[in-house]
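Enquirer: First the structure, which I've put down as structure tokens, then a few questions once you've had a look.
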Amino acid sequence: MSSSSQLDELLIAAVTEAGAHIGGIYLLDEDGEVLRLENAFGMPAPLAHAWAQIRTKDPLPIADAVREQRLLWIGGREQLARDYPGTAVALPYHFSCVLIPVCVGNSAWGGFMLMWPVGHFSEPPARQLDALGKYCAQIGEVLRCAAENGQPVRPAHRPRLLTSSSTIALDSHAHMVALEALNRLPEGYCSLDVEGRVALISAPAADLLGNPPDLVGQRLCDALPWLSDPAYEDRYRAAVVSRRVTHFVARDPDGRHLSFWLYPGLTGITIRIAPGTVTRDPAGRLAPPENQPPGMIAVHETLHLATTLARAVTAQDVVDLAADFVMPVYDVQALALITVEGGRLLVSATRGFSKAVIDDLEYQHPAPPVSSELIRTGTAAFFSDWDELRRAYPDAIRGDMRAWAFLPLITSGRPFGICVLAYDRPHAFSTEERASLTALAGLIAQAFERARLYDAKHSLATCLQSNLLPHTLPSVPGLEVAARYVPATPGMDIGGDFYDLIRLDDSLVAAVIGDVQGHDMSAAALMGQVRTAVRAHAAADARPGEVLAHTNQLLSGLARDRFTSCLYVLLNLRRHTACLASAGHLPPMLGVPGEPTRVIETTPGLLLGIEPTAEYVTTTVPLPPDSVLALYTDGLIEVPGVQLDESIGRLTRRFAPTPDGPLPELADSLIEPAVLDKRMDDIALLLLRDTYC
């Protein structure tokens with residue numbers, strides 16, 4: 001018997017002995033980074049294919065069980081929603097499951113999964129765990145022997161699906177007897193395997209469905225397009241995964257309503273089909289409610305929310321996007337994200353709560369138990385009315401709301417806050433709704449934590465950069481100066497643009513502008529080092545080319561993967577000249593009143609930090625009285641799809657200084673067009689006017 005056949009037999013035996021209804025075996029790939037589903041029993045094909053490959057780093061139950069080599073028990077949808085919100089959204093059904101690593105020696109080679117209907121037992125009894133451990137050991141032994149024999153088990157592109165056809169075979173006589181028995185009943189019946197294929201259909205059922213040809217062996221949704229609605233597929237999956245009776249009503253092409261009742265079993269689904277909107281089955285059971293979350297609308301809205309939240313940048317972005325989806329779907333009137341810092345509550349973002357309620361929350365010290373305790377324990381709490389909340393937490397704040405859901409915000413197993421949903425009327429929370437809201441909070445928590453980390457990182461980088469830039473520029477007689485720095489559009493990382501003005505004596509001034517490669521804290525830190533190095537060499541009375549050469553030698557040893565463009569200008573106000581040296585930086589512009597603005601051509605050397613022995617040429621140009629020199633970084637001129645020469649030409653045409661025109665106004669006029677657009681880079685601008693007499 002092949003190794004694959006042995007694994008199939010062990011899986012079927014384990015499912016049968018454990019009383020489960022779904023099982024599967026995952027195996028690690030050669031790199032140990034991906035779990036591949038080898039085989040599955042009782043699992044609908046679309047689900048099996050969707051979960052056929054799982055990375056071991058993914059926040060999913062089977063990945064955690066294998067990566068951490070420990071047994072995981074998930075008792076129901078609420079626990080799944082709390083611990084694995086993404087999985088709960090993708091599988092919005094009721095089930096419990098156990099996940100166990102399959103080990104060979106001290107190494108995990110894969111994982112084993114079994115699923116039961118909720119309520120089968122609160123947790124697997126010891127005898128069940130012993131049996132499961134036995135099967136895991138046998139699976140590991142099969143894998144070990146196959147590897148030692150030079151034929152290791154390698155999962156195929158798609159898993160083997162072990163269904164009713166794998167375990168039960170009816171002879172033709174038994175098949176005809178069963179069909180004859182169903183044909184005597186007044187309503188229609190058909191039997192599906194777990195992949196949704198028709199195995200048996202009665203004559204009344206075929207009549208109700210319009211007598212489609214060759215229905216046996218096909219999926220109902222393929223043979224009958226009017227049954228391909230995702231809501232019907234969801235009811236089918238819910239019956240298979242949750243092992244619960246489900247119900248839906250569909251309308252055929254002639255406009256007739258048909259009621260479908262789905263009864264799940266180990267080897268498939270039996271469907272009862274009746275004309276009209278039948279709300280009770282033959283046993284007198286009412287149809288499950290279909291108009292409350294999380295129905296298909298709520299599930300798809302939640303999936304849409306998960307996609308949308310990936311674009312959120314700030315905490316308020318998160319609450320705005322969440323509120324736009326959650327409040328209409330769940331009929332919520334207020335939403336807030338709350339954390340505890342320094343023993344007091346911090347309302348990070350909110351919608352719908354009055355300012356008085358927010359102030360009461362934030363000024364309580366210590367934080368009220370209803371918030372601090374739930375944050376500490378990471379548990380969800382639901383209160384259908386004020387009396388229920390007050391009994392649990394006498395110090396709670398009521399405001400103008402009447403029902404509340406407190407949902408833990410958890411990332412990496414650590415609770416850091418709560419999401420509060422509030423209703424303006426009493427509200428009874430169903431089990432289904434509690435699980436959906438808990439899963440929703442998991443998605444919000446992940447997005448909110450990303451936003452908090454981004455805010456902290458961006459604030460730190462912004463603070464670092466702003467402190468490294470000069471707060472004030474030195475006052476030099478005979479020189480007017482205007483400087484501007486504009487960070488990139490919010491949502492972009494911080495940059496490394498910088499400028500500086502260094503007074504060397506009464507008539508000698510050095511001006512420098514540059515741009516460190518990258519948009520992060522490393523760029524901002526390196527920018528500070530460049531400024532410091534330039535200042536040190538400028539004070540040593542070095543020529544511009546020498547200043548850049550010495551700075552380049554320093555940077556070549558500090559940051560081999562970061563390069564910096566830099567323009568250094570030495571102004572001699574007494575002689576009205578400017579000596580320039582460029583390390584790959586954009587050329588400056590010179591505006592002389594009454595003359596066309598011209599671009600000063602330099603001989604740019606290599607960017608700083610590329611070649612330690614690079615040399616830089618010094619260029620000297622006249623600086624007539626009242627002329628204005630403009631130094632700038634590429635954020636001021638770069639436009640996607642526009643050549644650099646054309647962008648410089650556009651700036652040249654806008655740069656028209658006048659003798660009496662204030663430099664700050666000129667700087668603002670140059671900056672304004674770039675500020676109005678969404679900028680991928682920050683901007684530095686330094687204007688210098690020679691007024692020396």
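Ordering of the structure tokens sets the chain letters (A, B, ...), residue numbers begin anew at 1 in every chain, and ligands are numbered from 1 in the order given.
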Need to verify the contact set: A:Leu636, 10 Å, only C-alpha atoms, exclusion of same-chain residues closer than 6 positions in sequence. Can you return it as a PyMOL selection string?

Expert: chain A and resi 486+647-648+651+670-675+679+681-685

Enquirer: Using only all heavy atoms, please write the residues we just selected to a file, as a compact mmCIF listing (two decimals), in the first residue's frame.

Expert:
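What follows is the written file selection34.txt:
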```txt
# COMPACT_ATOMS: atom_id res chain seq x y z
N VAL A 486 9.16 71.71 3.42
CA VAL A 486 7.81 71.16 3.38
C VAL A 486 7.93 69.64 3.35
O VAL A 486 8.50 69.08 2.41
CB VAL A 486 7.03 71.64 2.14
CG1 VAL A 486 5.60 71.09 2.17
CG2 VAL A 486 7.02 73.16 2.07
N SER A 647 11.25 70.20 -16.18
CA SER A 647 10.83 70.64 -14.85
C SER A 647 11.68 71.82 -14.38
O SER A 647 11.17 72.78 -13.79
CB SER A 647 10.94 69.49 -13.86
OG SER A 647 10.04 68.45 -14.19
N ILE A 648 12.99 71.76 -14.64
CA ILE A 648 13.86 72.88 -14.26
C ILE A 648 13.48 74.12 -15.06
O ILE A 648 13.45 75.24 -14.53
CB ILE A 648 15.34 72.50 -14.49
CG1 ILE A 648 15.76 71.39 -13.51
CG2 ILE A 648 16.24 73.72 -14.32
CD1 ILE A 648 17.17 70.87 -13.73
N LEU A 651 10.50 75.83 -13.49
CA LEU A 651 10.86 76.61 -12.31
C LEU A 651 11.58 77.90 -12.71
O LEU A 651 11.36 78.96 -12.10
CB LEU A 651 11.75 75.77 -11.39
CG LEU A 651 12.19 76.45 -10.09
CD1 LEU A 651 10.97 76.79 -9.22
CD2 LEU A 651 13.17 75.56 -9.32
N LEU A 670 7.08 80.02 -5.06
CA LEU A 670 7.75 78.87 -5.68
C LEU A 670 7.26 77.55 -5.09
O LEU A 670 7.14 76.54 -5.78
CB LEU A 670 9.27 78.99 -5.51
CG LEU A 670 9.94 80.18 -6.20
CD1 LEU A 670 11.42 80.23 -5.85
CD2 LEU A 670 9.74 80.12 -7.71
N ILE A 671 6.98 77.57 -3.79
CA ILE A 671 6.57 76.35 -3.09
C ILE A 671 5.11 75.99 -3.40
O ILE A 671 4.75 74.81 -3.51
CB ILE A 671 6.75 76.53 -1.56
CG1 ILE A 671 8.23 76.52 -1.20
CG2 ILE A 671 5.99 75.47 -0.79
CD1 ILE A 671 8.87 75.16 -1.25
N GLU A 672 4.26 77.00 -3.55
CA GLU A 672 2.81 76.78 -3.59
C GLU A 672 2.36 75.74 -4.61
O GLU A 672 1.57 74.84 -4.28
CB GLU A 672 2.09 78.11 -3.82
CG GLU A 672 0.57 77.97 -3.78
CD GLU A 672 -0.12 79.30 -3.97
OE1 GLU A 672 0.58 80.31 -4.25
OE2 GLU A 672 -1.35 79.35 -3.84
N PRO A 673 2.80 75.77 -5.89
CA PRO A 673 2.32 74.77 -6.85
C PRO A 673 2.63 73.34 -6.43
O PRO A 673 1.83 72.43 -6.64
CB PRO A 673 3.05 75.14 -8.15
CG PRO A 673 3.38 76.59 -7.99
CD PRO A 673 3.68 76.76 -6.53
N ALA A 674 3.80 73.14 -5.83
CA ALA A 674 4.16 71.79 -5.39
C ALA A 674 3.35 71.36 -4.18
O ALA A 674 3.01 70.19 -4.03
CB ALA A 674 5.66 71.73 -5.07
N VAL A 675 3.02 72.30 -3.30
CA VAL A 675 2.27 71.98 -2.09
C VAL A 675 0.86 71.53 -2.42
O VAL A 675 0.26 70.70 -1.74
CB VAL A 675 2.24 73.19 -1.14
CG1 VAL A 675 1.28 72.96 0.02
CG2 VAL A 675 3.64 73.47 -0.61
N ARG A 679 2.52 64.93 -2.86
CA ARG A 679 3.96 64.85 -3.05
C ARG A 679 4.52 63.54 -2.52
O ARG A 679 4.23 63.13 -1.41
CB ARG A 679 4.66 66.02 -2.33
CG ARG A 679 4.18 67.37 -2.80
CD ARG A 679 4.85 68.48 -2.02
NE ARG A 679 4.82 68.26 -0.57
CZ ARG A 679 3.76 68.44 0.18
NH1 ARG A 679 2.63 68.81 -0.36
NH2 ARG A 679 3.80 68.25 1.49
N ASP A 681 7.76 63.28 -2.22
CA ASP A 681 9.06 63.65 -1.66
C ASP A 681 8.92 64.97 -0.92
O ASP A 681 8.00 65.76 -1.18
CB ASP A 681 10.08 63.79 -2.79
CG ASP A 681 11.51 63.64 -2.29
OD1 ASP A 681 11.70 63.51 -1.07
OD2 ASP A 681 12.44 63.67 -3.13
N ASP A 682 9.83 65.21 0.04
CA ASP A 682 9.79 66.48 0.73
C ASP A 682 10.54 67.54 -0.08
O ASP A 682 11.17 67.24 -1.09
CB ASP A 682 10.35 66.36 2.16
CG ASP A 682 11.62 65.55 2.23
OD1 ASP A 682 12.01 64.97 1.19
OD2 ASP A 682 12.23 65.48 3.30
N ILE A 683 10.45 68.79 0.37
CA ILE A 683 10.99 69.92 -0.38
C ILE A 683 11.84 70.78 0.55
O ILE A 683 11.42 71.09 1.67
CB ILE A 683 9.86 70.79 -0.97
CG1 ILE A 683 8.98 69.98 -1.92
CG2 ILE A 683 10.43 72.01 -1.68
CD1 ILE A 683 7.72 70.71 -2.33
N ALA A 684 13.01 71.18 0.07
CA ALA A 684 13.82 72.18 0.75
C ALA A 684 14.15 73.27 -0.26
O ALA A 684 14.47 72.99 -1.42
CB ALA A 684 15.10 71.56 1.32
N LEU A 685 14.06 74.52 0.20
CA LEU A 685 14.32 75.67 -0.67
C LEU A 685 15.08 76.73 0.14
O LEU A 685 14.70 77.03 1.27
CB LEU A 685 13.00 76.26 -1.19
CG LEU A 685 13.09 77.57 -1.97
CD1 LEU A 685 13.83 77.37 -3.29
CD2 LEU A 685 11.70 78.13 -2.22
```

Enquirer: Got a sec: who's within 6 Å of stretch 19-28 of chain A, counting only C-alpha atoms, leaving out chain neighbours fewer than 5 positions off, as an NGL selection string?

Expert: :A and (34-43 or 109-116 or 266)

Enquirer: Please produce a file of the residues just selected, as a PDB file, in the first residue's frame, where the atoms kept are C-alpha atoms.

Expert:
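again32.pdb written:
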```pdb
ATOM      1  CA  VAL A  34       4.567  26.289   3.628  1.00  0.00           C
ATOM      2  CA  LEU A  35       1.977  23.801   4.856  1.00  0.00           C
ATOM      3  CA  ARG A  36       0.197  21.962   2.038  1.00  0.00           C
ATOM      4  CA  LEU A  37      -3.066  20.094   2.479  1.00  0.00           C
ATOM      5  CA  GLU A  38      -2.324  16.447   1.600  1.00  0.00           C
ATOM      6  CA  ASN A  39      -5.869  15.089   1.976  1.00  0.00           C
ATOM      7  CA  ALA A  40      -9.204  16.093   3.461  1.00  0.00           C
ATOM      8  CA  PHE A  41     -12.331  14.238   4.502  1.00  0.00           C
ATOM      9  CA  GLY A  42     -15.796  15.803   4.564  1.00  0.00           C
ATOM     10  CA  MET A  43     -14.546  19.222   3.378  1.00  0.00           C
ATOM     11  CA  TRP A 109       6.617  17.552   9.628  1.00  0.00           C
ATOM     12  CA  GLY A 110       3.043  18.666   9.327  1.00  0.00           C
ATOM     13  CA  GLY A 111      -0.267  19.098  11.108  1.00  0.00           C
ATOM     14  CA  PHE A 112      -3.514  17.222  11.731  1.00  0.00           C
ATOM     15  CA  MET A 113      -6.947  18.870  11.917  1.00  0.00           C
ATOM     16  CA  LEU A 114     -10.362  17.620  13.026  1.00  0.00           C
ATOM     17  CA  MET A 115     -13.649  19.538  13.213  1.00  0.00           C
ATOM     18  CA  TRP A 116     -16.853  18.869  15.152  1.00  0.00           C
ATOM     19  CA  LEU A 266     -20.974  12.404   7.402  1.00  0.00           C
TER      20      LEU A 266
END
```

Enquirer: Under the rule that only C-alpha atoms are counted, which of A:Gly591, A:Gly649, A:Pro622, A:Gly76 is the nearest residue to A:Phe95?

Expert: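 Among the listed residues, the smallest separation from A:Phe95 belongs to A:Gly76.
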
Enquirer: Among stretch 478-690 of chain A, which ones does DSSP place in helix (DSSP H, G or I), written as a ChimeraX atom specification?

Expert: /A:521-539,544-558,634-636,644-654,663-676

Enquirer: Excluding same-chain residues fewer than 5 positions from stretch 235-242 of chain A, what lies within 9 Å of it counting only C-alpha atoms, as a list in words?

Expert: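 Once the nearby chain positions are removed, what remains is His21, Ile22, Gly42, Met43, Pro44, Leu47, Leu91, Pro92, Tyr93, His94, Phe95, Ser96, Met115, Trp116, Pro117, Val118, Val194, Gly196, Pro230, His247, Phe248, Leu262, Tyr263, Pro264, Gly265, Leu266, Gly268 and Ile269 of chain A.
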
Enquirer: I want to know what sits within 9 Å of A:Leu554, based on only C-alpha atoms, with residues of the same chain fewer than 5 positions away left out; could you give that as a PyMOL selection string?

Expert: chain A and resi 530+533+549+609+612

Enquirer: Please identify all polymer residues within 7 Å of A:Pro544, counting only C-alpha atoms, omitting same-chain residues fewer than 4 positions from it, and present them as a list in words.

Expert: Leu548, Tyr568, Val569, Leu570, Cys579, Leu580, Ala581 and Thr618 of chain A

Enquirer: Go ahead and write the selection's residues with N, CA, C and O atoms as a PDB file, in the first residue's frame.

Expert:
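Final output, again.pdb:
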```pdb
ATOM      1  N   LEU A 548      33.310  69.153   0.128  1.00  0.00           N
ATOM      2  CA  LEU A 548      32.552  67.978  -0.307  1.00  0.00           C
ATOM      3  C   LEU A 548      33.424  66.728  -0.317  1.00  0.00           C
ATOM      4  O   LEU A 548      32.958  65.629   0.021  1.00  0.00           O
ATOM      5  N   TYR A 568      27.218  72.833  -2.304  1.00  0.00           N
ATOM      6  CA  TYR A 568      27.874  73.716  -1.337  1.00  0.00           C
ATOM      7  C   TYR A 568      28.250  75.011  -2.054  1.00  0.00           C
ATOM      8  O   TYR A 568      28.876  74.993  -3.125  1.00  0.00           O
ATOM      9  N   VAL A 569      27.851  76.153  -1.476  1.00  0.00           N
ATOM     10  CA  VAL A 569      28.097  77.463  -2.079  1.00  0.00           C
ATOM     11  C   VAL A 569      28.805  78.349  -1.061  1.00  0.00           C
ATOM     12  O   VAL A 569      28.323  78.501   0.076  1.00  0.00           O
ATOM     13  N   LEU A 570      29.945  78.926  -1.462  1.00  0.00           N
ATOM     14  CA  LEU A 570      30.677  79.881  -0.630  1.00  0.00           C
ATOM     15  C   LEU A 570      30.458  81.277  -1.207  1.00  0.00           C
ATOM     16  O   LEU A 570      30.884  81.585  -2.328  1.00  0.00           O
ATOM     17  N   CYS A 579      31.272  80.769  -5.086  1.00  0.00           N
ATOM     18  CA  CYS A 579      32.036  79.581  -5.471  1.00  0.00           C
ATOM     19  C   CYS A 579      31.189  78.355  -5.153  1.00  0.00           C
ATOM     20  O   CYS A 579      30.735  78.190  -4.011  1.00  0.00           O
ATOM     21  N   LEU A 580      30.977  77.473  -6.124  1.00  0.00           N
ATOM     22  CA  LEU A 580      30.058  76.351  -5.954  1.00  0.00           C
ATOM     23  C   LEU A 580      30.750  75.028  -6.245  1.00  0.00           C
ATOM     24  O   LEU A 580      31.641  74.942  -7.105  1.00  0.00           O
ATOM     25  N   ALA A 581      30.320  73.989  -5.536  1.00  0.00           N
ATOM     26  CA  ALA A 581      30.724  72.621  -5.835  1.00  0.00           C
ATOM     27  C   ALA A 581      29.507  71.730  -5.631  1.00  0.00           C
ATOM     28  O   ALA A 581      28.735  71.919  -4.683  1.00  0.00           O
ATOM     29  N   THR A 618      35.327  73.051  -8.231  1.00  0.00           N
ATOM     30  CA  THR A 618      34.766  74.314  -7.751  1.00  0.00           C
ATOM     31  C   THR A 618      34.549  75.254  -8.933  1.00  0.00           C
ATOM     32  O   THR A 618      35.448  75.439  -9.760  1.00  0.00           O
TER      33      THR A 618
END
```

Enquirer: Tell me which of A:Ala206, A:Phe382, A:Ala274, A:Arg256 sits closest to A:Trp226, counting only C-alpha atoms.

Expert: A:Arg256

Enquirer: Mind checking which residues fall within 7 Å of stretch 501-505 of chain A, counting only C-alpha atoms, ignoring those fewer than 3 positions away in the same chain, and posting them as a PyMOL selection string?

Expert: chain A and resi 473-474+508-512+539

Enquirer: Just the selected residues (all heavy atoms), exported as a short mmCIF file (atom, residue, chain, number, x, y, z; two decimals), in the first residue's frame, please.

Expert:
```
data_model
loop_
_atom_site.label_atom_id
_atom_site.label_comp_id
_atom_site.auth_asym_id
_atom_site.auth_seq_id
_atom_site.Cartn_x
_atom_site.Cartn_y
_atom_site.Cartn_z
N LEU A 473 18.20 80.84 11.05
CA LEU A 473 19.42 81.03 10.27
C LEU A 473 20.15 82.27 10.77
O LEU A 473 19.52 83.24 11.22
CB LEU A 473 19.07 81.18 8.79
CG LEU A 473 18.45 79.93 8.14
CD1 LEU A 473 18.05 80.23 6.70
CD2 LEU A 473 19.40 78.75 8.20
N PRO A 474 21.48 82.26 10.72
CA PRO A 474 22.24 83.42 11.24
C PRO A 474 21.95 84.69 10.44
O PRO A 474 21.69 84.64 9.23
CB PRO A 474 23.70 82.97 11.08
CG PRO A 474 23.67 81.94 10.01
CD PRO A 474 22.37 81.21 10.17
N LEU A 508 31.96 86.47 4.47
CA LEU A 508 31.99 85.11 3.91
C LEU A 508 30.88 84.28 4.55
O LEU A 508 30.80 84.17 5.79
CB LEU A 508 33.34 84.45 4.16
CG LEU A 508 34.51 84.82 3.24
CD1 LEU A 508 35.76 84.04 3.65
CD2 LEU A 508 34.17 84.53 1.78
N VAL A 509 30.05 83.68 3.71
CA VAL A 509 28.94 82.85 4.19
C VAL A 509 28.89 81.59 3.34
O VAL A 509 29.02 81.65 2.10
CB VAL A 509 27.59 83.60 4.09
CG1 VAL A 509 26.46 82.73 4.62
CG2 VAL A 509 27.65 84.91 4.83
N ALA A 510 28.69 80.45 3.99
CA ALA A 510 28.52 79.18 3.27
C ALA A 510 27.05 78.77 3.32
O ALA A 510 26.43 78.82 4.38
CB ALA A 510 29.39 78.09 3.87
N ALA A 511 26.53 78.38 2.18
CA ALA A 511 25.16 77.87 2.09
C ALA A 511 25.23 76.44 1.57
O ALA A 511 26.02 76.15 0.66
CB ALA A 511 24.30 78.73 1.17
N VAL A 512 24.43 75.58 2.12
CA VAL A 512 24.46 74.18 1.71
C VAL A 512 23.03 73.66 1.63
O VAL A 512 22.16 74.03 2.43
CB VAL A 512 25.31 73.33 2.69
CG1 VAL A 512 24.75 73.38 4.09
CG2 VAL A 512 25.41 71.89 2.22
N ALA A 539 34.29 75.35 8.46
CA ALA A 539 34.97 76.18 9.45
C ALA A 539 36.49 76.11 9.32
O ALA A 539 37.20 76.98 9.82
CB ALA A 539 34.55 75.75 10.86
#
```

Enquirer: Using atom CA of A:Leu143 and atom CA of A:Ser3 as the two end points, give the distance in Å to one decimal.

Expert: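 Atom CA of A:Ser3 lies at a distance of 7.5 Å from atom CA of A:Leu143.
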
Enquirer: For atom CA of A:Leu469 and atom CA of A:Leu586, determine how far apart the two atoms are, in Å to one decimal place.

Expert: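 Computed distance, atom CA of A:Leu469 to atom CA of A:Leu586, equals 19.9 Å.
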
Enquirer: Tell me, in Å to one decimal, how far atom CA of A:Val639 is from atom CA of A:Ile610.

Expert: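 Going from atom CA of A:Val639 over to atom CA of A:Ile610 covers 26.5 Å.
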
Enquirer: Excluding A:Gly478 and residues on its chain fewer than 2 positions from it, collect all residues at most 9 Å away from it, counting only C-alpha atoms, and give them as a VMD selection string.

Expert: chain A and resid 476 480 507 573 to 574 689 to 693

Enquirer: Would you please extract all strand (DSSP E or B) residues from stretch 417-583 of chain A, as assigned by DSSP on the backbone, and give them as a PyMOL selection string?

Expert: chain A and resi 417-423+476+479-486+490+492+497-503+508-516+564-572+577-583
